[in-house]
Structure formats: structure tokens, C-alpha cells
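Colleague: What follows is work05.cif, mmCIF, C-alpha atoms.
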data_upload
loop_
_atom_site.label_atom_id
_atom_site.label_comp_id
_atom_site.auth_asym_id
_atom_site.auth_seq_id
_atom_site.Cartn_x
_atom_site.Cartn_y
_atom_site.Cartn_z
CA MET A 23 -41.11 -147.81 -78.84
CA ARG A 24 -40.08 -146.73 -82.33
CA TRP A 25 -42.45 -146.99 -85.29
CA PRO A 26 -42.40 -145.48 -88.80
CA PHE A 27 -45.40 -143.34 -87.85
CA PHE A 28 -43.19 -140.87 -85.95
CA ASP A 29 -40.98 -137.91 -86.77
CA ALA A 30 -37.77 -137.17 -84.87
CA ARG A 31 -39.63 -134.66 -82.71
CA HIS A 32 -41.92 -137.41 -81.43
CA SER A 33 -38.98 -139.48 -80.24
CA ALA A 34 -37.48 -136.45 -78.53
CA PHE A 35 -40.82 -135.63 -76.90
CA GLN A 36 -41.25 -139.15 -75.53
CA CYS A 37 -37.68 -139.31 -74.20
CA GLU A 38 -38.05 -135.97 -72.43
CA LEU A 39 -41.40 -136.91 -70.92
CA GLU A 40 -40.09 -140.31 -69.78
CA GLU A 41 -37.19 -138.59 -68.02
CA TRP A 42 -39.47 -136.02 -66.40
CA ILE A 43 -42.15 -138.42 -65.15
CA GLY A 44 -39.49 -140.79 -63.86
CA CYS A 45 -38.27 -138.05 -61.52
CA GLN A 46 -41.71 -137.25 -60.11
CA SER A 47 -42.91 -138.53 -56.77
CA VAL A 48 -46.37 -140.06 -57.02
CA PRO A 49 -49.03 -138.30 -54.90
CA ALA A 50 -51.01 -140.41 -52.47
CA SER A 51 -53.98 -140.43 -54.84
CA GLU A 52 -56.08 -142.92 -52.93
CA GLU A 53 -56.04 -140.74 -49.80
CA ASP A 54 -57.19 -137.48 -51.43
CA VAL A 55 -57.84 -137.94 -55.13
CA ASP A 56 -58.94 -134.35 -55.70
CA ALA A 57 -55.76 -132.89 -54.22
CA ALA A 58 -53.59 -135.44 -56.02
CA CYS A 59 -55.17 -134.67 -59.39
CA ARG A 60 -54.78 -130.93 -58.84
CA ARG A 61 -51.08 -131.48 -58.06
CA TRP A 62 -50.58 -133.42 -61.29
CA VAL A 63 -52.27 -130.66 -63.30
CA GLU A 64 -50.02 -128.09 -61.63
CA ARG A 65 -46.88 -130.15 -62.25
CA LEU A 66 -47.75 -130.88 -65.86
CA GLY A 67 -48.56 -127.21 -66.42
CA ASP A 68 -45.42 -125.91 -64.72
CA ALA A 69 -43.24 -128.31 -66.74
CA GLY A 70 -44.87 -127.24 -70.02
CA TRP A 71 -46.46 -130.56 -70.98
CA LEU A 72 -50.01 -129.18 -71.07
CA ARG A 73 -48.96 -126.80 -73.85
CA TYR A 74 -49.40 -129.76 -76.21
CA CYS A 75 -53.15 -129.61 -75.52
CA ILE A 76 -53.76 -126.10 -76.85
CA PRO A 77 -53.14 -124.04 -80.02
CA ILE A 78 -49.97 -121.99 -80.55
CA PRO A 79 -51.55 -118.48 -80.32
CA PHE A 80 -52.71 -119.24 -76.77
CA GLY A 81 -49.46 -120.60 -75.36
CA GLY A 82 -49.49 -123.94 -77.14
CA ALA A 83 -46.56 -126.08 -78.21
CA GLU A 84 -45.06 -126.29 -81.69
CA ARG A 85 -47.75 -128.62 -83.01
CA PRO A 86 -50.82 -128.43 -80.79
CA LEU A 87 -53.25 -131.30 -80.76
CA ASP A 88 -50.94 -133.47 -82.82
CA VAL A 89 -52.64 -136.80 -82.11
CA ARG A 90 -49.43 -138.82 -82.14
CA THR A 91 -48.01 -136.52 -79.48
CA LEU A 92 -51.18 -136.83 -77.39
CA CYS A 93 -50.97 -140.62 -77.69
CA LEU A 94 -47.30 -140.69 -76.72
CA ALA A 95 -48.05 -138.48 -73.72
CA ARG A 96 -50.88 -140.69 -72.48
CA GLN A 97 -48.89 -143.89 -73.07
CA THR A 98 -45.80 -142.55 -71.30
CA LEU A 99 -47.69 -141.11 -68.33
CA ALA A 100 -49.90 -144.20 -67.94
CA TYR A 101 -46.81 -146.38 -67.72
CA ARG A 102 -45.80 -144.46 -64.61
CA ASP A 103 -49.03 -143.33 -62.97
CA GLY A 104 -52.68 -143.58 -64.00
CA LEU A 105 -53.73 -140.34 -62.31
CA ALA A 106 -50.98 -138.36 -64.05
CA GLU A 107 -52.22 -139.73 -67.37
CA PHE A 108 -55.81 -138.88 -66.42
CA ALA A 109 -54.86 -135.30 -65.51
CA PHE A 110 -53.17 -134.74 -68.87
CA ALA A 111 -55.93 -136.40 -70.87
CA MET A 112 -58.73 -134.39 -69.31
CA GLN A 113 -57.00 -131.07 -69.95
CA GLY A 114 -56.91 -132.04 -73.61
CA LEU A 115 -60.39 -133.53 -73.90
CA GLY A 116 -61.99 -130.78 -71.81
CA SER A 117 -60.50 -127.94 -73.82
CA ALA A 118 -60.45 -129.32 -77.38
CA PRO A 119 -63.99 -128.13 -78.21
CA ILE A 120 -62.87 -124.58 -77.39
CA SER A 121 -59.74 -124.98 -79.52
CA PHE A 122 -61.74 -126.12 -82.53
CA PHE A 123 -65.11 -124.42 -82.17
CA GLY A 124 -64.73 -121.56 -79.68
CA SER A 125 -64.86 -117.87 -80.47
CA PRO A 126 -61.60 -115.90 -80.21
CA GLU A 127 -62.87 -114.52 -76.90
CA LEU A 128 -63.51 -117.98 -75.43
CA LYS A 129 -60.12 -119.22 -76.61
CA GLN A 130 -58.34 -116.29 -74.99
CA ARG A 131 -60.31 -116.65 -71.77
CA TYR A 132 -59.76 -120.37 -71.18
CA LEU A 133 -56.94 -121.90 -73.22
CA PRO A 134 -53.93 -120.13 -71.67
CA GLY A 135 -55.12 -121.28 -68.25
CA VAL A 136 -55.49 -124.86 -69.45
CA GLY A 137 -51.99 -124.87 -70.91
CA SER A 138 -50.43 -123.46 -67.76
CA GLY A 139 -52.38 -125.74 -65.42
CA LYS A 140 -54.15 -122.80 -63.80
CA LEU A 141 -57.59 -123.90 -65.04
CA ILE A 142 -58.94 -127.46 -64.82
CA ALA A 143 -61.26 -128.61 -67.59
CA ALA A 144 -64.12 -131.11 -67.65
CA PHE A 145 -66.16 -132.69 -70.47
CA ALA A 146 -69.81 -132.97 -69.37
CA LEU A 147 -71.61 -135.21 -71.84
CA SER A 148 -72.94 -138.34 -70.08
CA GLU A 149 -76.27 -138.62 -68.31
CA LYS A 150 -77.78 -141.52 -66.38
CA GLU A 151 -80.03 -142.48 -69.28
CA ALA A 152 -77.76 -141.22 -72.06
CA GLY A 153 -74.22 -142.53 -72.10
CA SER A 154 -73.32 -144.01 -75.45
CA ASP A 155 -76.63 -142.74 -76.91
CA VAL A 156 -75.70 -139.06 -77.07
CA GLY A 157 -78.88 -138.22 -78.98
CA ALA A 158 -80.94 -139.08 -75.90
CA LEU A 159 -79.59 -136.26 -73.72
CA THR A 160 -82.26 -134.44 -71.73
CA THR A 161 -80.33 -131.58 -70.11
CA SER A 162 -81.93 -128.47 -71.61
CA ALA A 163 -80.80 -124.96 -72.46
CA THR A 164 -83.58 -122.49 -73.26
CA LEU A 165 -82.76 -119.16 -74.90
CA GLN A 166 -84.06 -116.14 -72.98
CA GLY A 167 -82.84 -112.89 -74.46
CA ASP A 168 -79.05 -112.92 -74.47
CA GLU A 169 -78.81 -115.85 -72.05
CA TYR A 170 -79.60 -119.56 -71.94
CA LEU A 171 -81.36 -121.05 -68.93
CA LEU A 172 -79.67 -124.38 -68.32
CA SER A 173 -81.16 -127.24 -66.27
CA GLY A 174 -80.40 -130.94 -65.98
CA GLU A 175 -77.95 -133.43 -64.58
CA LYS A 176 -74.67 -134.91 -65.81
CA THR A 177 -72.97 -137.95 -64.34
CA TRP A 178 -69.69 -139.85 -64.63
CA ILE A 179 -68.07 -136.47 -65.19
CA SER A 180 -64.28 -136.69 -64.98
CA ASN A 181 -62.86 -133.77 -62.96
CA GLY A 182 -66.44 -133.11 -61.93
CA THR A 183 -65.38 -132.28 -58.36
CA ILE A 184 -62.44 -130.01 -59.22
CA ALA A 185 -63.19 -128.42 -62.61
CA ASP A 186 -62.99 -124.68 -63.16
CA PHE A 187 -65.21 -125.03 -66.22
CA TYR A 188 -67.29 -127.65 -68.02
CA ILE A 189 -67.77 -128.25 -71.72
CA LEU A 190 -71.44 -129.10 -71.46
CA PHE A 191 -73.86 -130.51 -74.02
CA ALA A 192 -77.56 -129.67 -73.73
CA ARG A 193 -80.72 -129.79 -75.77
CA THR A 194 -81.68 -126.51 -77.40
CA GLY A 195 -83.98 -127.87 -80.11
CA GLU A 196 -85.64 -130.95 -81.54
CA ALA A 197 -85.29 -134.49 -80.22
CA GLY A 198 -82.25 -136.48 -81.31
CA PRO A 199 -78.68 -135.44 -82.16
CA ARG A 200 -79.65 -132.40 -84.26
CA GLY A 201 -81.18 -130.63 -81.28
CA LEU A 202 -77.99 -130.48 -79.20
CA SER A 203 -75.70 -127.53 -78.55
CA ALA A 204 -72.42 -127.14 -76.67
CA PHE A 205 -71.53 -124.56 -74.01
CA VAL A 206 -68.65 -123.49 -71.80
CA VAL A 207 -69.96 -123.28 -68.24
CA ASP A 208 -67.90 -121.89 -65.34
CA SER A 209 -68.05 -124.02 -62.21
CA THR A 210 -68.80 -120.88 -60.16
CA THR A 211 -72.08 -120.32 -62.04
CA GLU A 212 -75.03 -120.05 -59.67
CA GLY A 213 -77.19 -123.18 -59.68
CA ILE A 214 -74.41 -125.78 -60.03
CA HIS A 215 -74.30 -128.45 -57.33
CA ILE A 216 -72.14 -131.56 -56.94
CA THR A 217 -74.76 -134.10 -55.88
CA GLU A 218 -72.61 -137.22 -55.81
CA ARG A 219 -68.95 -138.15 -55.66
CA ILE A 220 -68.50 -141.38 -57.58
CA GLU A 221 -66.03 -143.88 -56.10
CA THR A 222 -64.44 -146.30 -58.57
CA THR A 223 -61.95 -149.17 -58.41
CA ALA A 224 -59.16 -146.79 -59.45
CA PRO A 225 -59.85 -143.48 -57.69
CA HIS A 226 -60.47 -140.46 -59.93
CA PRO A 227 -62.34 -137.17 -59.33
CA LEU A 228 -65.66 -138.33 -60.79
CA ALA A 229 -68.99 -136.75 -59.94
CA THR A 230 -72.64 -136.25 -60.69
CA VAL A 231 -73.32 -132.56 -61.26
CA HIS A 232 -76.78 -130.97 -61.14
CA PHE A 233 -77.61 -127.72 -62.97
CA THR A 234 -80.63 -125.73 -61.81
CA ASN A 235 -81.65 -122.67 -63.86
CA CYS A 236 -78.05 -121.75 -64.59
CA ARG A 237 -77.75 -118.60 -66.67
CA ILE A 238 -75.25 -119.00 -69.50
CA PRO A 239 -74.50 -116.05 -71.83
CA VAL A 240 -74.98 -116.64 -75.54
CA SER A 241 -71.27 -115.90 -75.90
CA GLY A 242 -70.61 -119.12 -73.95
CA ARG A 243 -72.05 -121.27 -76.73
CA LEU A 244 -69.63 -123.17 -78.96
CA GLY A 245 -70.50 -122.90 -82.63
CA SER A 246 -74.12 -122.48 -83.65
CA GLU A 247 -77.25 -123.93 -82.10
CA GLY A 248 -77.55 -127.55 -83.14
CA ASP A 249 -73.76 -128.05 -83.50
CA GLY A 250 -73.45 -129.94 -80.22
CA PHE A 251 -73.46 -133.46 -81.64
CA LYS A 252 -70.94 -132.50 -84.32
CA ILE A 253 -68.67 -130.93 -81.69
CA ALA A 254 -68.88 -133.96 -79.40
CA MET A 255 -68.16 -136.45 -82.18
CA ALA A 256 -65.31 -134.40 -83.65
CA THR A 257 -63.68 -134.22 -80.23
CA LEU A 258 -64.12 -137.91 -79.43
CA ASP A 259 -62.97 -138.88 -82.92
CA ARG A 260 -59.64 -137.20 -82.20
CA PHE A 261 -59.24 -138.41 -78.61
CA ARG A 262 -60.62 -141.96 -78.83
CA CYS A 263 -57.39 -143.51 -80.08
CA THR A 264 -55.53 -141.79 -77.25
CA VAL A 265 -57.53 -143.97 -74.83
CA GLY A 266 -55.95 -146.94 -76.58
CA ALA A 267 -52.57 -145.29 -76.02
CA ALA A 268 -53.22 -145.07 -72.29
CA ALA A 269 -54.15 -148.76 -72.28
CA LEU A 270 -50.92 -149.45 -74.14
CA GLY A 271 -48.95 -147.74 -71.37
CA PHE A 272 -50.66 -149.84 -68.72
CA ALA A 273 -50.07 -153.05 -70.69
CA GLN A 274 -46.40 -152.26 -71.31
CA ARG A 275 -45.83 -151.64 -67.59
CA ALA A 276 -47.53 -154.94 -66.74
CA PHE A 277 -45.38 -156.72 -69.33
CA ASP A 278 -42.14 -155.22 -68.01
CA GLU A 279 -43.06 -156.07 -64.42
CA SER A 280 -43.92 -159.61 -65.49
CA THR A 281 -40.76 -160.31 -67.48
CA ALA A 282 -38.58 -159.10 -64.60
CA HIS A 283 -40.58 -161.24 -62.18
CA VAL A 284 -40.51 -164.51 -64.13
CA LEU A 285 -36.78 -164.21 -64.76
CA SER A 286 -36.02 -163.81 -61.03
CA ARG A 287 -38.74 -165.98 -59.43
CA LYS A 288 -37.62 -169.55 -58.77
CA LEU A 289 -40.05 -172.44 -58.99
CA PHE A 290 -39.06 -176.11 -58.60
CA GLY A 291 -35.41 -175.11 -58.73
CA ALA A 292 -35.60 -173.11 -61.97
CA PRO A 293 -36.74 -169.65 -63.03
CA LEU A 294 -40.47 -169.28 -63.59
CA SER A 295 -39.56 -168.20 -67.12
CA ALA A 296 -38.40 -171.74 -67.93
CA LEU A 297 -41.97 -173.06 -67.87
CA GLN A 298 -43.60 -173.28 -71.28
CA MET A 299 -46.92 -171.99 -69.95
CA THR A 300 -45.11 -168.90 -68.67
CA GLN A 301 -43.46 -168.45 -72.04
CA ALA A 302 -46.84 -168.70 -73.76
CA LYS A 303 -48.19 -165.83 -71.63
CA ILE A 304 -45.12 -163.68 -72.29
CA ALA A 305 -45.39 -164.32 -76.02
CA SER A 306 -49.08 -163.44 -76.05
CA MET A 307 -48.52 -160.24 -74.06
CA ALA A 308 -45.67 -159.09 -76.32
CA THR A 309 -47.69 -159.71 -79.47
CA GLU A 310 -50.83 -157.98 -78.20
CA ILE A 311 -48.84 -154.94 -77.12
CA ASP A 312 -47.27 -154.57 -80.55
CA ALA A 313 -50.62 -155.10 -82.29
CA SER A 314 -52.20 -152.45 -80.07
CA ALA A 315 -49.42 -149.98 -80.80
CA LEU A 316 -49.80 -150.46 -84.54
CA LEU A 317 -53.56 -149.82 -84.40
CA VAL A 318 -53.25 -146.81 -82.09
CA TYR A 319 -50.54 -145.05 -84.03
CA ARG A 320 -52.03 -145.91 -87.41
CA ALA A 321 -55.16 -144.01 -86.38
CA ALA A 322 -53.17 -141.13 -84.90
CA PHE A 323 -50.94 -140.88 -87.98
CA ALA A 324 -53.95 -140.79 -90.29
CA LYS A 325 -55.49 -137.91 -88.34
CA ASP A 326 -52.22 -135.98 -88.29
CA GLN A 327 -51.88 -136.47 -92.05
CA GLY A 328 -55.15 -134.64 -92.57
CA ALA A 329 -57.83 -137.33 -92.54
CA ASP A 330 -61.19 -135.67 -91.94
CA ARG A 331 -62.55 -138.54 -89.87
CA ILE A 332 -60.85 -141.61 -88.41
CA THR A 333 -63.96 -143.03 -86.80
CA LYS A 334 -63.39 -146.65 -87.80
CA GLU A 335 -59.63 -146.57 -87.17
CA ALA A 336 -60.04 -144.89 -83.78
CA ALA A 337 -62.74 -147.38 -82.78
CA MET A 338 -60.48 -150.28 -83.74
CA ALA A 339 -57.58 -148.82 -81.78
CA LYS A 340 -59.66 -148.09 -78.68
CA TRP A 341 -61.45 -151.44 -78.68
CA TYR A 342 -58.49 -153.67 -79.36
CA ALA A 343 -55.94 -151.87 -77.19
CA THR A 344 -58.16 -151.69 -74.10
CA GLU A 345 -59.28 -155.31 -74.37
CA ALA A 346 -55.71 -156.48 -75.06
CA ALA A 347 -54.41 -154.51 -72.08
CA GLN A 348 -57.01 -156.16 -69.86
CA ARG A 349 -55.78 -159.59 -71.01
CA CYS A 350 -52.12 -158.63 -70.56
CA ILE A 351 -52.65 -157.28 -67.07
CA ASP A 352 -54.74 -160.29 -66.07
CA ASP A 353 -51.89 -162.54 -67.22
CA ALA A 354 -49.47 -160.41 -65.22
CA VAL A 355 -51.54 -160.83 -62.06
CA GLN A 356 -51.61 -164.58 -62.66
CA LEU A 357 -47.85 -164.75 -63.10
CA PHE A 358 -47.34 -162.89 -59.84
CA GLY A 359 -49.58 -165.31 -57.96
CA GLY A 360 -50.63 -164.12 -54.51
CA ARG A 361 -48.56 -160.98 -54.87
CA GLY A 362 -50.62 -160.08 -57.92
CA VAL A 363 -53.74 -159.41 -55.85
CA THR A 364 -51.92 -157.73 -52.97
CA ARG A 365 -52.64 -154.05 -52.47
CA GLY A 366 -49.54 -152.01 -53.21
CA GLU A 367 -48.20 -154.22 -55.99
CA VAL A 368 -47.90 -152.51 -59.37
CA VAL A 369 -49.86 -155.17 -61.25
CA GLU A 370 -52.68 -155.02 -58.70
CA ARG A 371 -52.98 -151.27 -59.28
CA LEU A 372 -52.90 -151.76 -63.04
CA TYR A 373 -55.66 -154.39 -62.75
CA ARG A 374 -57.92 -151.79 -61.15
CA GLU A 375 -56.91 -148.98 -63.48
CA ILE A 376 -57.43 -150.76 -66.81
CA ARG A 377 -61.03 -151.78 -66.28
CA ALA A 378 -62.63 -148.39 -66.80
CA LEU A 379 -60.88 -147.83 -70.13
CA ARG A 380 -63.00 -150.58 -71.68
CA ILE A 381 -66.10 -148.52 -70.85
CA TYR A 382 -65.55 -144.77 -71.05
CA GLU A 383 -65.56 -142.79 -74.30
CA GLY A 384 -67.63 -145.61 -75.77
CA ALA A 385 -67.66 -149.15 -74.35
CA SER A 386 -66.02 -151.98 -76.29
CA GLU A 387 -69.39 -153.14 -77.55
CA ILE A 388 -70.14 -149.68 -78.95
CA GLN A 389 -66.78 -149.64 -80.74
CA GLN A 390 -67.63 -152.99 -82.36
CA ILE A 391 -70.94 -151.58 -83.61
CA VAL A 392 -69.14 -148.52 -85.02
CA ILE A 393 -66.57 -150.69 -86.79
CA ALA A 394 -69.18 -153.03 -88.23
CA ARG A 395 -71.31 -150.16 -89.53
CA HIS A 396 -68.37 -148.62 -91.35
CA VAL A 397 -67.29 -151.94 -92.81
CA LEU A 398 -70.79 -152.85 -93.98
CA GLN A 399 -71.45 -149.39 -95.41
CA GLY A 400 -68.26 -149.67 -97.41
CA ALA A 401 -69.29 -153.07 -98.75
CA THR A 402 -72.59 -151.85 -100.21
#
Translate the structure described by the file into C-alpha cells.
Modeller:
Amino acid sequence: MRWPFFDARHSAFQCELEEWIGCQSVPASEEDVDAACRRWVERLGDAGWLRYCIPIPFGGAERPLDVRTLCLARQTLAYRDGLAEFAFAMQGLGSAPISFFGSPELKQRYLPGVGSGKLIAAFALSEKEAGSDVGALTTSATLQGDEYLLSGEKTWISNGTIADFYILFARTGEAGPRGLSAFVVDSTTEGIHITERIETTAPHPLATVHFTNCRIPVSGRLGSEGDGFKIAMATLDRFRCTVGAAALGFAQRAFDESTAHVLSRKLFGAPLSALQMTQAKIASMATEIDASALLVYRAAFAKDQGADRITKEAAMAKWYATEAAQRCIDDAVQLFGGRGVTRGEVVERLYREIRALRIYEGASEIQQIVIARHVLQGAT
């Protein structure tokens, strides 16, 4: 897909990644999701794709954390395999707070391993009673000398079962967002226990992780005390539109599968594509995919051009693209008929994979609230 938002290097990047992922065998992710995800991280690291997640001084690519590149990577990988896209995305999301807010020592300790695929990152923000409401977090970190004593529980943690380290947000001060701080926590730290493996419609290494009196050195804190909310929002602000890019990859795959199917499938002596109701679905899918791409890459372009915050634009991109992809994939399943709900069919897999994207990193309803607030604030 070619848009005016891109430089020549973006086109080259996408072409190279498309060629590479097209040559990869897909691990049997539903049999052993942990092992499959580890293999994707290793492959992506060995091939150099994870270098686009980290800064240049620590082994990064030419333009690290270029949001358009991150979006193109997620879109391209999602088109082929949802777990490959997940593996790439989590290396970026789970290490970005270190890239932007970590000390030189933390950057040197973790980022080269992320870029090479030797270390697996996780972003530990959500709790059972504090998902979208980040200010309600209850996990606590109490300063004792030169260490913090960390206790609490995180859930819905991507890579929770396989992470080498967590970017963890905990309360160090007053109630609400201002009392939060961010830490890098090694998974080998004493007092960490995986209490639940979370099974979802599209298998991923999700877990509930309990922390009991974990001792975290002060040097493991990101930024200053009280910077946690700022760090979380700055990270999500950059990565939220990339979720829309992943949805775009899923939708494009569903569209391509559908167009090939309706052109070859015969019904009442003619191709399925000859029916006007089929044509209406194809037209709707094509339009929603293009609209999603424009919103996603508008937000990414704005960030890459130096915009301080793209909160409204990223929310629009994430909300619209994930909802549109759900509609496109649902139409694809309908066009395939009985095959569409048969395990092993591409569109059946896509139907399971798209659903979570409408929830994580802020559900669609939260994105609508964010958009409305920005619009109404600008109108006053």
C-alpha cells in the first residue's frame, strides 16, 4: 500500500519484510504458544527486524521507533501471522519506556538484548480492578533505603509467561495518577509468581503475575517518583496507532482471501462475485480498509514529524481501524459460508484474532471518550 505519508525507505522496509515473512514457516502456536512466541522473537531478532524497536546507540536501526515503520511492521506481520505480529509489537511496547526514560545503565543492560531477540519484554500495567483507569492501580512500591519493596498483582500481561523483564507500574505516593512510578523488574526476582495462564480465543502468552515483597533497586526505577503515569501515557500514545495497523493487516488479509474466493466460487451457475450483495460487501471492505490506513498513517506521520502528543489522532486510528477490521472479517466469514467457521481456514483464524484488538490498549469505548474530550476541549 503506497501513501504520501511514506519515504522511500518505508517502501523498501515493507517490501523486505513482506519477502522475509513470506518465507517463514508458521509455528504451531495453538499447541505450545509460549514456545511459538519465543521462536518468533528469535527469528525476528536474528533477521534484524527487532532493531527497529530500539535506539541506534544500543544496536538499533537507522531510525528507531519511527512510528510509520512500527505500523508497517505490525501491518505486514499481521497479514501473515498474528503471533509474529504480537512478538514484534511486545518487544517494542515492552522496551519503549526504557528507550525514552531509562538511565544509560538500564538502556545498556536491556535494549541490546531486546533488539537481538535475546531478551523478551513485557508491559505490566493492567490490574483486575484497574484496566483503562490507570489511576486506580493498587500495586505498591515502598522505598526502603536503596530498594523498593514491591507487592501486588498484574493481569492480562502479554508475554507474562515468558518475559525476561517487566516494565511495571506501581504506586509510590498519593492516590490517583500522580502517585505512580515505573520500574524495570527482572522475571528472576524473588517473590514473582505466575498465578494464572490466561487462555483466549487467539492463543497468546498471557498471564496473571503476583509480586510478593520483591526487592527492586532504586536504579531500576524509570524517571523520577511520580512519573509513572506520564511514562505509561507517552508509551501508549506512540504505540496506540500501531494497534490500528495490526488490525489493518488482518483486514487486508481477510479482503484478499474474500476477493479470491468470490471470483472462483460458483453459485447458481455464476461466480459468487456476480451477486450484487457480494459486490456490496467487497465495496464496503475496500473502503473501510483504505479509511483505516489513512487514519493510522496520518497519526504515525504526525508523530514522526515531531508532534508532542497525538492522543486524539491515535485514538481515532485505533478505534476506527479495529472496529472496521472486525466488520471486514465478519463479512469475509459470511462470504465463505460454512468454510468461514471451520477451524483451519484463514478467515476463521482472523475472526478469533481481531476480537482482542478492540479491547486492549484501551477499549473502543475508551477511545471514543478520549476523542470526544479532545474535540469538546477544543471547542470551548
Colleague: Pick out the closest residue to A:Leu317 from this set: A:Ala267, A:Val363, A:Gly248, A:Leu172. Count all atoms listed in the file.
Modeller: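 Among the listed residues, the smallest separation from A:Leu317 belongs to A:Ala267.
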Colleague: Quick one: apply the PyMOL selection byres ((chain A and resi 373) around 10) to the file and drop the selected residues here as a PyMOL selection string.
Modeller: chain A and resi 223-224+272-273+276+347-352+354-355+362-363+368-372+374-377
Colleague: Could you pull out every residue with an atom within 10 Å of (-55.8, -143.1, -79.0), file coordinates, counting only C-alpha atoms, and send them as a PyMOL selection string?
Modeller: chain A and resi 89-90+92-94+96-97+258-270+315+317-322+335-340+343
Colleague: At a cut-off of 12 Å, using all atoms listed in the file, what residues contact A:His396? Leave out same-chain residues fewer than 2 positions from it and give the result as a ChimeraX atom specification.
Modeller: /A:331-338,389-394,398-402
Colleague: Hey, what comes out of the PyMOL selection byres ((chain A and resi 219) around 12) on this file? Could you write it as a PyMOL selection string?
Modeller: chain A and resi 55-56+177-184+215-218+220-222+225-232
Colleague: Provide stretch 305-385 of chain A of the preceding structure as a file containing C-alpha atoms, as a CSV table (one decimal), in the first residue's frame.
Modeller:
chain,number,residue,atom,x,y,z
A,305,ALA,CA,-17.0,-2.4,-1.8
A,306,SER,CA,-17.6,-1.8,1.9
A,307,MET,CA,-14.5,-3.8,2.9
A,308,ALA,CA,-12.3,-2.0,0.4
A,309,THR,CA,-13.5,1.4,1.5
A,310,GLU,CA,-13.1,0.7,5.2
A,311,ILE,CA,-9.5,-0.7,4.7
A,312,ASP,CA,-8.5,2.5,2.9
A,313,ALA,CA,-10.1,4.7,5.5
A,314,SER,CA,-8.3,2.8,8.3
A,315,ALA,CA,-5.0,3.1,6.5
A,316,LEU,CA,-5.4,6.9,6.2
A,317,LEU,CA,-6.2,7.3,9.9
A,318,VAL,CA,-3.4,5.0,11.0
A,319,TYR,CA,-0.7,6.6,8.9
A,320,ARG,CA,-1.9,10.1,9.5
A,321,ALA,CA,-1.3,9.6,13.2
A,322,ALA,CA,2.0,7.9,12.7
A,323,PHE,CA,3.2,10.6,10.3
A,324,ALA,CA,2.2,13.4,12.7
A,325,LYS,CA,4.3,11.7,15.5
A,326,ASP,CA,7.3,11.2,13.2
A,327,GLN,CA,7.1,14.9,12.2
A,328,GLY,CA,7.6,15.9,15.8
A,329,ALA,CA,4.1,16.2,17.2
A,330,ASP,CA,4.4,16.2,21.0
A,331,ARG,CA,1.1,14.3,21.5
A,332,ILE,CA,-1.1,12.5,19.0
A,333,THR,CA,-3.7,11.4,21.6
A,334,LYS,CA,-6.8,12.2,19.6
A,335,GLU,CA,-5.3,11.0,16.2
A,336,ALA,CA,-4.1,7.8,17.7
A,337,ALA,CA,-7.4,7.1,19.4
A,338,MET,CA,-9.2,7.7,16.1
A,339,ALA,CA,-6.9,5.4,14.3
A,340,LYS,CA,-7.1,2.6,16.9
A,341,TRP,CA,-10.9,2.8,17.3
A,342,TYR,CA,-11.8,3.0,13.7
A,343,ALA,CA,-9.3,0.5,12.3
A,344,THR,CA,-10.1,-2.2,14.9
A,345,GLU,CA,-13.8,-1.8,14.5
A,346,ALA,CA,-13.6,-1.7,10.7
A,347,ALA,CA,-11.4,-4.8,10.7
A,348,GLN,CA,-14.0,-6.6,12.8
A,349,ARG,CA,-16.7,-5.7,10.2
A,350,CYS,CA,-14.4,-6.7,7.3
A,351,ILE,CA,-13.5,-10.1,8.8
A,352,ASP,CA,-17.1,-10.8,9.7
A,353,ASP,CA,-18.1,-10.1,6.1
A,354,ALA,CA,-15.3,-12.4,5.0
A,355,VAL,CA,-16.6,-15.2,7.2
A,356,GLN,CA,-20.1,-14.7,5.8
A,357,LEU,CA,-18.8,-14.8,2.2
A,358,PHE,CA,-17.1,-18.1,2.9
A,359,GLY,CA,-20.2,-19.7,4.3
A,360,GLY,CA,-19.6,-22.9,6.2
A,361,ARG,CA,-15.9,-22.8,5.4
A,362,GLY,CA,-15.7,-19.5,7.2
A,363,VAL,CA,-16.4,-21.0,10.6
A,364,THR,CA,-14.2,-24.1,10.0
A,365,ARG,CA,-11.1,-24.4,12.1
A,366,GLY,CA,-8.0,-24.1,9.9
A,367,GLU,CA,-9.5,-21.6,7.4
A,368,VAL,CA,-7.6,-18.3,7.3
A,369,VAL,CA,-10.8,-16.2,7.9
A,370,GLU,CA,-11.8,-18.3,10.9
A,371,ARG,CA,-8.4,-17.6,12.4
A,372,LEU,CA,-8.7,-13.9,11.6
A,373,TYR,CA,-12.1,-13.8,13.2
A,374,ARG,CA,-10.6,-15.0,16.5
A,375,GLU,CA,-7.5,-12.8,16.3
A,376,ILE,CA,-9.2,-9.5,15.6
A,377,ARG,CA,-11.5,-9.5,18.6
A,378,ALA,CA,-9.0,-8.7,21.3
A,379,LEU,CA,-7.7,-5.7,19.4
A,380,ARG,CA,-10.9,-3.8,20.1
A,381,ILE,CA,-10.2,-4.2,23.8
A,382,TYR,CA,-6.5,-4.0,24.7
A,383,GLU,CA,-4.5,-0.7,25.0
A,384,GLY,CA,-7.9,1.0,25.6
A,385,ALA,CA,-11.2,-0.5,24.5
